[in-house]
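my_file24.cif (mmCIF, C-alpha atoms)
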data_input
loop_
_atom_site.label_atom_id
_atom_site.label_comp_id
_atom_site.auth_asym_id
_atom_site.auth_seq_id
_atom_site.Cartn_x
_atom_site.Cartn_y
_atom_site.Cartn_z
CA MET A 1165 141.17 40.91 132.59
CA ALA A 1166 144.93 41.15 132.29
CA ILE A 1167 146.60 42.31 129.10
CA GLY A 1168 149.73 41.09 127.36
CA ARG A 1169 153.06 42.87 127.37
CA THR A 1170 153.89 45.25 124.56
CA ASP A 1171 157.44 46.09 123.52
CA SER A 1172 157.13 49.33 125.48
CA MET A 1173 155.96 47.41 128.55
CA GLN A 1174 158.91 45.04 128.30
CA GLU A 1175 161.25 48.03 127.96
CA LEU A 1176 159.70 49.52 131.11
CA ILE A 1177 160.08 46.23 133.01
CA THR A 1178 163.75 46.05 132.07
CA ILE A 1179 164.34 49.61 133.31
CA LEU A 1180 162.47 48.99 136.55
CA GLU A 1181 164.37 45.79 137.27
CA SER A 1182 167.60 47.76 137.00
CA LEU A 1183 166.32 50.45 139.40
CA PHE A 1184 164.77 48.44 142.24
CA ASP A 1185 165.72 45.45 144.38
CA GLU A 1186 162.45 43.60 143.86
CA THR A 1187 162.20 41.62 140.63
CA ILE A 1188 159.21 41.12 138.41
CA ILE A 1189 158.24 37.45 138.24
CA GLY A 1190 155.61 37.78 135.56
CA SER A 1191 152.45 38.41 137.56
CA ASP A 1192 150.40 41.56 136.91
CA VAL A 1193 150.45 42.68 140.54
CA ASN A 1194 154.23 43.05 140.42
CA ILE A 1195 154.11 44.95 137.13
CA VAL A 1196 151.56 47.32 138.65
CA LYS A 1197 153.65 47.65 141.81
CA HIS A 1198 156.68 48.65 139.78
CA LEU A 1199 154.64 51.23 137.90
CA PHE A 1200 154.02 52.90 141.26
CA TYR A 1201 157.73 52.57 142.10
CA TYR A 1202 158.46 54.38 138.84
CA LEU A 1203 156.03 57.19 139.72
CA LYS A 1204 157.62 57.54 143.16
CA ALA A 1205 161.22 57.51 141.87
CA ASP A 1206 160.38 60.14 139.24
CA ASN A 1207 158.43 62.23 141.80
CA ARG A 1208 155.58 62.12 139.30
CA GLU A 1209 152.23 63.79 139.90
CA PHE A 1210 149.22 62.04 138.35
CA GLU A 1211 145.41 62.11 138.27
CA PHE A 1212 143.25 60.66 141.03
CA ILE A 1213 139.56 60.67 140.06
CA TYR A 1214 137.35 60.51 143.16
CA GLU A 1215 133.58 60.80 142.62
CA GLU A 1216 134.26 62.74 139.38
CA ASP A 1217 136.64 65.19 141.11
CA ILE A 1218 139.99 65.13 139.29
CA LEU A 1219 142.69 65.60 141.94
CA VAL A 1220 146.49 65.65 141.78
CA ALA A 1221 148.25 62.78 143.58
CA ALA A 1222 151.82 61.64 144.27
CA VAL A 1223 153.13 58.35 145.65
CA GLU A 1224 154.21 58.68 149.28
CA GLU A 1225 154.91 55.04 150.30
CA ILE A 1226 154.66 51.57 148.76
CA GLU A 1227 153.88 48.59 150.98
CA ALA A 1228 153.43 44.88 150.22
CA HIS A 1229 149.74 45.17 149.35
CA SER A 1230 149.01 48.89 149.50
CA VAL A 1231 150.16 52.29 148.24
CA THR A 1232 149.99 55.54 150.22
CA LEU A 1233 149.23 58.62 148.12
CA MET A 1234 149.60 62.30 149.00
CA ILE A 1235 146.54 64.28 147.80
CA PRO A 1236 146.43 67.83 149.25
CA ASP A 1237 142.87 68.79 148.23
CA LEU A 1238 141.06 65.53 149.05
CA VAL A 1239 137.67 65.82 150.77
CA GLU A 1240 136.22 62.50 151.94
CA LYS A 1241 132.79 61.86 150.41
CA GLY A 1242 131.97 58.36 151.63
CA SER A 1243 132.91 56.42 148.51
CA ARG A 1244 135.64 53.79 148.83
CA ARG A 1245 136.50 53.48 145.16
CA ALA A 1246 138.41 55.79 142.83
CA ARG A 1247 140.35 55.77 139.58
CA VAL A 1248 144.06 56.41 139.04
CA ARG A 1249 145.31 57.66 135.68
CA PHE A 1250 148.89 58.29 134.54
CA GLU A 1251 151.34 57.89 131.68
CA VAL A 1252 154.60 55.90 131.70
CA MET A 1253 156.85 55.20 128.74
CA ASN A 1254 154.39 56.52 126.15
CA ILE A 1255 151.54 54.40 127.55
CA ASN A 1256 148.44 55.81 129.28
CA TYR A 1257 147.26 53.63 132.21
CA GLN A 1258 144.02 53.68 134.17
CA PHE A 1259 143.11 51.62 137.26
CA GLU A 1260 140.08 51.39 139.48
CA VAL A 1261 141.36 51.21 143.05
CA VAL A 1262 139.89 50.37 146.45
CA ILE A 1263 140.43 53.00 149.18
CA LEU A 1264 141.58 51.44 152.44
CA ASP A 1265 142.05 54.56 154.57
CA ILE A 1266 141.80 58.37 154.36
CA GLN A 1267 143.78 60.57 156.76
CA LYS A 1268 143.95 64.33 156.08
CA ASP A 1269 146.14 64.75 152.97
CA GLN A 1270 147.02 61.05 152.72
CA ILE A 1271 145.01 58.18 151.29
CA VAL A 1272 145.89 54.48 151.32
CA ILE A 1273 144.77 52.36 148.33
CA LYS A 1274 144.97 48.62 147.75
CA THR A 1275 147.56 47.78 145.09
CA PRO A 1276 145.65 46.80 141.92
CA THR A 1277 146.16 43.14 140.98
CA GLU A 1278 145.69 43.56 137.23
CA LEU A 1279 146.57 45.92 134.42
CA GLN A 1280 143.02 47.08 133.78
CA SER A 1281 143.27 49.64 131.00
CA TYR A 1282 146.01 51.04 128.86
CA GLN A 1283 146.34 52.93 125.62
CA LEU A 1284 149.43 53.36 123.47
CA ARG A 1285 150.00 56.84 122.09
CA THR A 1286 149.03 57.14 118.45
CA ASN A 1287 151.96 59.42 117.76
CA ARG A 1288 155.44 59.09 119.22
CA ARG A 1289 156.95 61.87 121.29
CA ILE A 1290 160.26 62.77 119.63
CA PRO A 1291 163.01 64.02 122.01
CA VAL A 1292 164.51 67.37 120.90
CA ASP A 1293 167.39 69.42 122.28
CA ASP A 1294 167.33 72.41 119.94
CA LEU A 1295 163.67 73.45 119.98
CA PHE A 1296 162.38 76.35 122.07
CA MET A 1297 159.06 78.13 122.43
CA ASN A 1298 157.38 81.15 123.96
CA PHE A 1299 153.92 80.99 125.50
CA ILE A 1300 151.18 83.05 127.08
CA ILE A 1301 148.27 81.99 129.31
CA LEU A 1302 144.71 82.12 128.01
CA PHE A 1303 141.64 83.08 130.03
CA ARG A 1304 139.66 80.09 131.32
CA SER A 1305 137.50 81.40 134.15
CA LEU A 1306 137.67 83.97 136.95
CA SER A 1307 139.65 81.64 139.19
CA GLY A 1308 141.20 79.27 136.66
CA GLY A 1309 140.71 75.57 137.20
CA SER A 1310 138.42 73.39 135.12
CA ARG A 1311 136.91 74.81 131.97
CA GLU A 1312 133.77 76.72 132.98
CA VAL A 1313 132.03 78.18 129.95
CA GLY A 1314 129.27 79.72 132.07
CA LYS A 1315 131.77 81.69 134.16
CA ASN A 1316 133.61 82.78 131.01
CA LEU A 1317 130.40 84.17 129.53
CA TYR A 1318 129.55 85.77 132.87
CA ALA A 1319 132.90 87.59 132.96
CA GLU A 1320 132.46 88.67 129.33
CA SER A 1321 129.04 90.19 130.06
CA ARG A 1322 130.11 91.74 133.39
CA PHE A 1323 133.33 93.34 132.10
CA PRO A 1324 133.02 93.37 128.26
CA HIS A 1325 135.62 96.04 127.39
CA LEU A 1326 138.13 94.87 130.00
CA MET A 1327 137.83 91.22 128.91
CA LYS A 1328 138.34 92.21 125.27
CA GLU A 1329 141.73 93.68 126.22
CA VAL A 1330 142.56 90.83 128.62
CA ARG A 1331 142.14 88.27 125.83
CA LYS A 1332 144.73 89.93 123.60
CA ASP A 1333 148.14 88.27 123.29
CA ARG A 1334 149.74 91.53 124.47
CA PRO A 1335 147.37 93.42 126.79
CA ASP A 1336 148.08 97.14 127.13
CA SER A 1337 148.87 97.73 130.83
CA LYS A 1338 148.11 101.47 130.61
CA LEU A 1339 144.71 100.82 129.05
CA ILE A 1340 144.03 98.10 131.64
CA ASN A 1341 144.75 100.64 134.40
CA ILE A 1342 142.27 103.12 132.91
CA MET A 1343 139.59 100.42 132.59
CA LEU A 1344 140.25 99.32 136.18
CA THR A 1345 139.71 102.78 137.63
CA GLU A 1346 136.61 103.33 135.51
CA ALA A 1347 135.13 100.04 136.75
CA ILE A 1348 135.87 100.91 140.39
CA GLU A 1349 134.34 104.37 140.05
CA ARG A 1350 131.05 102.79 139.02
CA ILE A 1351 130.83 101.64 142.65
CA SER A 1352 132.52 104.51 144.51
CA LYS A 1353 134.68 107.55 143.88
CA ASP A 1354 136.61 106.71 147.05
CA TYR A 1355 139.17 103.97 146.51
CA GLU A 1356 142.83 103.09 146.90
CA ILE A 1357 145.03 100.79 144.80
CA HIS A 1358 148.01 99.96 146.99
CA PHE A 1359 151.08 97.84 146.25
CA PHE A 1360 153.13 96.66 149.22
CA LYS A 1361 156.67 97.91 149.74
CA GLU A 1362 159.28 96.15 151.82
CA GLY A 1363 159.61 97.67 155.30
CA GLU A 1364 156.61 100.00 154.93
CA SER A 1365 154.58 100.84 158.03
CA ARG A 1366 151.48 103.03 158.19
CA ASN A 1367 149.44 102.70 161.38
CA GLU A 1368 148.52 99.88 163.74
CA PHE A 1369 145.31 98.95 161.96
CA ASP A 1370 146.56 99.30 158.37
CA ASP A 1371 149.54 97.12 159.29
CA PHE A 1372 147.15 94.55 160.79
CA ILE A 1373 145.07 94.52 157.59
CA LYS A 1374 148.22 94.11 155.49
CA LYS A 1375 149.39 91.13 157.57
CA THR A 1376 145.92 89.57 157.38
CA ILE A 1377 145.72 89.87 153.58
CA LEU A 1378 149.28 88.61 153.08
CA ARG A 1379 148.63 85.62 155.33
CA THR A 1380 145.14 84.64 154.13
CA ALA A 1381 144.77 86.23 150.65
CA LYS A 1382 141.09 86.70 151.53
CA THR A 1383 138.73 89.54 150.60
CA ILE A 1384 137.54 91.60 153.57
CA TYR A 1385 134.08 93.16 153.41
CA ILE A 1386 132.73 95.35 156.24
CA PRO A 1387 129.15 96.41 155.40
CA ASP A 1388 128.68 98.70 158.42
CA CYS A 1389 131.58 100.38 160.24
CA ASN A 1390 129.20 101.51 163.00
CA ARG A 1391 128.58 97.93 164.19
CA ILE A 1392 131.23 95.75 165.83
CA THR A 1393 129.24 92.70 164.67
CA SER A 1394 130.21 93.54 161.06
CA TYR A 1395 133.82 92.94 162.08
CA ILE A 1396 133.67 89.83 164.27
CA ASN A 1397 130.40 87.91 163.67
CA GLU A 1398 130.27 84.71 161.59
CA THR A 1399 129.54 85.10 157.85
CA ASN A 1400 128.40 82.51 155.32
CA ASP A 1401 129.80 84.02 152.13
CA ASP A 1402 132.13 82.02 149.87
CA VAL A 1403 134.28 84.96 148.73
CA LEU A 1404 133.63 87.82 151.18
CA PHE A 1405 134.99 87.60 154.73
CA ASN A 1406 135.38 89.79 157.81
CA TYR A 1407 137.78 89.49 160.76
CA VAL A 1408 136.03 86.67 162.64
CA SER A 1409 138.95 84.23 162.22
CA GLU A 1410 141.44 86.85 163.40
CA TYR A 1411 139.16 87.68 166.34
CA LYS A 1412 139.04 84.01 167.38
CA ASP A 1413 142.83 83.60 167.04
CA MET A 1414 143.46 86.75 169.06
CA SER A 1415 140.98 85.61 171.75
CA LYS A 1416 142.80 82.29 172.12
CA GLU A 1417 146.21 83.95 172.40
CA PHE A 1418 145.46 87.08 174.45
CA GLY A 1419 141.95 86.60 175.79
CA GLU A 1420 138.52 87.60 174.52
CA GLU A 1421 138.54 90.96 176.31
CA PHE A 1422 141.79 92.01 174.60
CA ALA A 1423 140.50 90.89 171.17
CA LEU A 1424 137.18 92.71 171.57
CA GLU A 1425 138.95 95.89 172.67
CA PHE A 1426 141.30 95.72 169.64
CA PHE A 1427 138.51 95.41 167.08
CA GLU A 1428 136.40 98.03 168.85
CA SER A 1429 139.39 100.41 168.64
CA MET A 1430 139.76 99.53 164.97
CA ARG A 1431 136.07 100.23 164.35
CA LYS A 1432 136.29 103.62 166.12
CA HIS A 1433 139.45 104.51 164.16
CA GLU A 1434 137.69 103.82 160.85
CA SER A 1435 134.52 105.63 161.97
CA ARG A 1436 136.59 108.72 162.90
CA ASN A 1437 137.86 108.63 159.31
CA PHE A 1438 134.19 108.76 158.21
CA LEU A 1439 134.14 105.22 156.77
CA VAL A 1440 130.65 103.74 156.43
CA SER A 1441 131.52 100.49 154.63
CA TYR A 1442 134.43 99.05 152.66
CA ILE A 1443 135.87 96.11 150.76
CA ILE A 1444 139.58 95.24 150.59
CA THR A 1445 140.48 92.58 148.03
CA PRO A 1446 144.01 91.34 147.26
CA ILE A 1447 145.94 91.85 144.04
CA ARG A 1448 148.10 88.82 143.22
CA LEU A 1449 151.07 88.23 140.95
CA TYR A 1450 151.05 84.51 140.26
CA GLU A 1451 149.69 83.32 143.64
CA ASP A 1452 151.61 85.88 145.71
CA VAL A 1453 149.68 88.81 147.22
CA VAL A 1454 151.45 92.02 146.17
CA GLY A 1455 148.85 94.64 147.08
CA TYR A 1456 145.15 95.33 147.35
CA ILE A 1457 142.21 97.31 146.03
CA LYS A 1458 140.27 99.13 148.73
CA VAL A 1459 136.89 100.62 147.83
CA TYR A 1460 134.93 102.44 150.52
CA SER A 1461 131.97 104.70 151.16
CA THR A 1462 132.04 107.65 153.54
CA ALA A 1463 129.54 109.58 155.63
CA MET A 1464 129.72 112.45 153.12
CA GLU A 1465 128.51 110.25 150.23
CA ARG A 1466 125.72 108.70 152.33
CA PHE A 1467 125.56 105.25 150.76
CA THR A 1468 126.65 101.74 151.74
CA ILE A 1469 128.56 99.31 149.52
CA SER A 1470 126.19 96.39 149.01
CA GLN A 1471 127.17 92.74 148.94
CA ASN A 1472 126.62 92.56 145.16
CA GLN A 1473 128.86 95.59 144.68
CA ALA A 1474 131.51 94.00 146.91
CA VAL A 1475 131.40 90.80 144.81
CA TYR A 1476 131.81 92.98 141.69
CA ILE A 1477 135.03 94.46 143.13
CA PHE A 1478 136.25 90.97 144.11
CA GLU A 1479 135.70 89.69 140.55
CA LEU A 1480 137.39 92.76 139.12
CA ALA A 1481 140.47 92.09 141.30
CA GLU A 1482 140.55 88.45 140.14
CA ILE A 1483 140.68 89.56 136.50
CA ILE A 1484 143.29 92.22 137.25
CA SER A 1485 145.46 89.67 139.08
CA TYR A 1486 145.15 87.37 136.08
CA VAL A 1487 146.10 90.00 133.53
CA PHE A 1488 149.03 91.30 135.64
CA THR A 1489 150.36 87.73 135.78
CA LYS A 1490 149.75 87.27 132.05
CA ILE A 1491 151.80 90.40 131.34
CA ALA A 1492 154.54 89.22 133.76
CA ILE A 1493 154.74 85.84 131.97
CA GLN A 1494 154.79 87.63 128.62
CA ILE A 1495 157.68 89.85 129.70
CA GLY A 1496 159.53 87.09 131.56
CA SER A 1497 159.27 84.19 129.11
CA TYR A 1498 158.20 85.87 125.89
CA GLU A 1499 160.25 88.99 125.36
CA THR A 1500 163.60 88.21 127.01
CA MET A 1501 166.16 86.10 125.22
CA GLN A 1502 167.49 84.34 128.31
CA SER A 1503 164.21 82.77 129.39
CA THR A 1504 162.72 81.20 126.27
CA THR A 1505 161.22 77.86 127.16
CA LYS A 1506 162.89 74.60 126.17
CA VAL A 1507 160.83 71.87 124.49
CA VAL A 1508 161.84 68.43 125.82
CA ASP A 1509 159.85 66.27 123.40
CA ILE A 1510 157.11 66.83 120.84
CA SER A 1511 154.57 64.90 118.76
CA LEU A 1512 151.55 65.58 116.57
CA ASP A 1513 149.35 65.35 119.69
CA GLY A 1514 151.28 67.33 122.26
CA LEU A 1515 154.62 68.28 123.78
CA LEU A 1516 156.60 68.36 127.02
CA PHE A 1517 158.32 71.62 128.00
CA GLU A 1518 160.68 72.65 130.78
CA ILE A 1519 160.63 75.62 133.17
CA TYR A 1520 162.58 76.61 136.29
CA ASP A 1521 160.20 79.02 138.06
CA LYS A 1522 158.29 77.32 140.90
CA ARG A 1523 155.75 80.16 141.12
CA LEU A 1524 154.93 79.75 137.43
CA PHE A 1525 154.74 75.96 137.79
CA GLN A 1526 152.16 76.24 140.60
CA TYR A 1527 150.19 78.96 138.79
CA LEU A 1528 149.89 76.88 135.61
CA LYS A 1529 148.17 74.12 137.58
CA ARG A 1530 145.11 76.38 137.72
CA HIS A 1531 145.57 78.49 134.60
CA ASN A 1532 146.54 75.61 132.34
CA ILE A 1533 145.28 76.76 128.92
CA ILE A 1534 148.17 78.26 126.96
CA LYS A 1535 149.03 79.62 123.53
CA MET A 1536 152.45 78.51 122.26
CA PHE A 1537 154.72 80.08 119.64
CA ILE A 1538 157.27 77.55 118.35
CA PRO A 1539 159.78 78.59 115.68
CA LEU A 1540 160.47 75.42 113.65
CA ASN A 1541 162.81 77.40 111.39
CA LYS A 1542 163.53 80.99 110.38
CA GLU A 1543 160.55 81.04 108.02
CA ARG A 1544 157.94 79.27 110.10
CA THR A 1545 156.65 79.85 113.65
CA MET A 1546 153.90 77.47 114.71
CA ILE A 1547 151.03 78.86 116.76
CA LEU A 1548 149.34 76.20 118.89
CA ARG A 1549 146.77 76.27 121.69
CA GLY A 1550 146.85 73.53 124.27
CA GLU A 1551 145.89 72.30 127.72
CA ILE A 1552 148.56 71.37 130.27
CA ILE A 1553 147.62 67.94 131.65
CA ARG A 1554 150.89 66.75 133.25
CA PHE A 1555 152.92 68.48 135.96
CA LEU A 1556 156.26 66.88 136.86
CA ASP A 1557 158.46 68.22 139.66
CA LYS A 1558 162.07 67.33 138.81
CA GLY A 1559 163.61 68.97 141.87
CA ASP A 1560 165.54 71.87 140.36
CA HIS A 1561 163.26 72.21 137.32
CA TYR A 1562 159.76 71.29 136.15
CA HIS A 1563 158.28 69.47 133.17
CA LEU A 1564 154.77 70.19 131.86
CA GLY A 1565 152.92 68.07 129.32
CA VAL A 1566 150.54 69.75 126.86
CA ASN A 1567 147.83 68.34 124.59
CA TYR A 1568 147.00 70.53 121.57
CA PHE A 1569 143.41 71.48 120.84
CA SER A 1570 143.87 74.01 118.00
CA SER A 1571 146.51 75.31 115.62
CA ALA A 1572 147.06 77.88 112.89
CA PRO A 1573 146.27 76.73 109.33
CA ASP A 1574 148.82 74.26 107.87
CA ASP A 1575 150.89 74.21 111.09
CA MET A 1576 150.29 70.49 111.58
CA LEU A 1577 151.68 69.81 108.10
CA PHE A 1578 154.87 71.71 108.95
CA LEU A 1579 155.11 69.93 112.29
CA GLU A 1580 154.64 66.56 110.61
CA SER A 1581 157.48 67.31 108.20
CA TYR A 1582 159.69 68.46 111.09
CA LEU A 1583 158.98 65.32 113.12
CA PHE A 1584 159.42 63.11 110.07
CA GLU A 1585 162.98 64.35 109.68
CA LYS A 1586 163.76 64.27 113.41
CA SER A 1587 162.47 60.73 113.90
CA MET A 1588 164.35 59.27 110.95
CA LYS A 1589 161.06 58.74 109.06
CA ILE A 1590 159.23 57.00 111.99
CA LEU A 1591 156.24 58.84 113.45
CA SER A 1592 154.11 56.14 115.09
CA GLU A 1593 154.63 53.10 117.31
#
Give the structure from the file, written as structure tokens.
Amino acid sequence: MAIGRTDSMQELITILESLFDETIIGSDVNIVKHLFYYLKADNREFEFIYEEDILVAAVEEIEAHSVTLMIPDLVEKGSRRARVRFEVMNINYQFEVVILDIQKDQIVIKTPTELQSYQLRTNRRIPVDDLFMNFIILFRSLSGGSREVGKNLYAESRFPHLMKEVRKDRPDSKLINIMLTEAIERISKDYEIHFFKEGESRNEFDDFIKKTILRTAKTIYIPDCNRITSYINETNDDVLFNYVSEYKDMSKEFGEEFALEFFESMRKHESRNFLVSYIITPIRLYEDVVGYIKVYSTAMERFTISQNQAVYIFELAEIISYVFTKIAIQIGSYETMQSTTKVVDISLDGLLFEIYDKRLFQYLKRHNIIKMFIPLNKERTMILRGEIIRFLDKGDHYHLGVNYFSSAPDDMLFLESYLFEKSMKILSE
């Protein structure tokens, strides 16, 4: 059933009529169509819920009766219905849509004919131009993404002392380094923590490994350096890989004989260095690979790194990559005067803030639970925890929308007083 127009809807219609050639003649289908025009013009990313998977979508093209969306992570599951959810002009909209076609990263939906569901914000977002904040990321799970309590508890039990330090607002990098080496030495006394340097070159095989890790960011696990099959046979692990993809690519380009000879030479080189088994897992800063942790066993020690031990090292590297990035964000946007973060608008429910770093913008899509420090005045700094739910690419800068889920005692009272003054005594629609 269609809904009537609110004042905010009429304001939106007026804006859209001034932006686009097509005019709204009063029917719902045209109002909906112009909502998609607005999303496209603003380069807005929004939620696409497909069989309970919440994906990020953007409008690619608008036709007479259909809309083409760009959805990078879409996997077709057979269903031909989905939901679209977004916010425009302080109103949250939700539509059920019919999927007409799915092609790789693009999906074509039928333009909805009615405004199916909308909700006006309880509290107005008040624009501000003199409010800034600092923030840090909070641990969500080993790989970020949706809230996974089970994985959080798993990490806590697997690495209790390390996670205690990781969760601090200001982790001690020296203490983290000590904990890292202690954790690695539980598996093997033989290890290397290597950070890449520009222009460095070691030997043919180390350079090959470096290029592979930089290109794929995958974890390489070789359980037996005496068998060529450990290097080039198919594996079924979700997080541990070997060189089978590289072997196939090399076979296509140079021939199977050349590829087999290369990996056999690599195996012999590592055997001559007494390697029995090893794992090499990347260290990342944001999403960029900056080095690796290599843990190996040798003929002198007479043991083999098991698959469970390799997964342990992989998980350890994930936590280390997270905490290194947390410290980098803390130093970059928390302790330097020039990069404090601007608040665009704020309400009692959430806020919109602005950043300029693309790497940080992409990283926060996965690690989207943050703790914010907002100085309302010289005497009061609010401490809020929130979840980033909106990611807007503005071209040369980025906007991120946060919903609060906890605050320090009395902070909401101070925020209410602040907003009351800023909004000229009007806090709700």
Could you give me, as a PyMOL selection string, the residues that sit within 6 Å of (132.6, 100.3, 165.6) in the file's coordinates, counting all atoms listed in the file? chain A and resi 1389-1392+1428+1431-1432
For a test of reading the model, state the distance in Å between CA of Glu1543 in chain A and CA of Val1507 in chain A, rounded to one decimal.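 Those two atoms sit 18.9 Å apart.
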Can you measure CA of Val1408 in chain A to CA of Thr1462 in chain A for me? One decimal in Å is fine. 23.2 Å
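Coordinates place CA of Ile1386 in chain A at a distance of 29.0 Å from CA of His1325 in chain A.
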Applying 8 Å and only C-alpha atoms, which residues near range 1209-1214 of chain A remain after dropping the ones on its own chain fewer than 4 positions away? List them as a PDB file with C-alpha atoms, in the coordinates of the input.
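Output saved as around26.pdb:
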ATOM      1  CA  LEU A1203     156.030  57.190 139.720  1.00  0.00           C
ATOM      2  CA  ILE A1218     139.990  65.130 139.290  1.00  0.00           C
ATOM      3  CA  LEU A1219     142.690  65.600 141.940  1.00  0.00           C
ATOM      4  CA  VAL A1220     146.490  65.650 141.780  1.00  0.00           C
ATOM      5  CA  ALA A1221     148.250  62.780 143.580  1.00  0.00           C
ATOM      6  CA  ALA A1222     151.820  61.640 144.270  1.00  0.00           C
ATOM      7  CA  VAL A1223     153.130  58.350 145.650  1.00  0.00           C
ATOM      8  CA  ARG A1245     136.500  53.480 145.160  1.00  0.00           C
ATOM      9  CA  ALA A1246     138.410  55.790 142.830  1.00  0.00           C
ATOM     10  CA  ARG A1247     140.350  55.770 139.580  1.00  0.00           C
ATOM     11  CA  VAL A1248     144.060  56.410 139.040  1.00  0.00           C
ATOM     12  CA  ARG A1249     145.310  57.660 135.680  1.00  0.00           C
ATOM     13  CA  PHE A1250     148.890  58.290 134.540  1.00  0.00           C
ATOM     14  CA  ARG A1554     150.890  66.750 133.250  1.00  0.00           C
ATOM     15  CA  PHE A1555     152.920  68.480 135.960  1.00  0.00           C
ATOM     16  CA  LEU A1556     156.260  66.880 136.860  1.00  0.00           C
ATOM     17  CA  ASP A1557     158.460  68.220 139.660  1.00  0.00           C
TER      18      ASP A1557
END
Could you check the closest approach to Ser1461 in chain A for each of A:Asp1370, A:Glu1349, A:Asp1402, A:Asp1513 and tell me which residue wins, using only C-alpha atoms? A:Glu1349
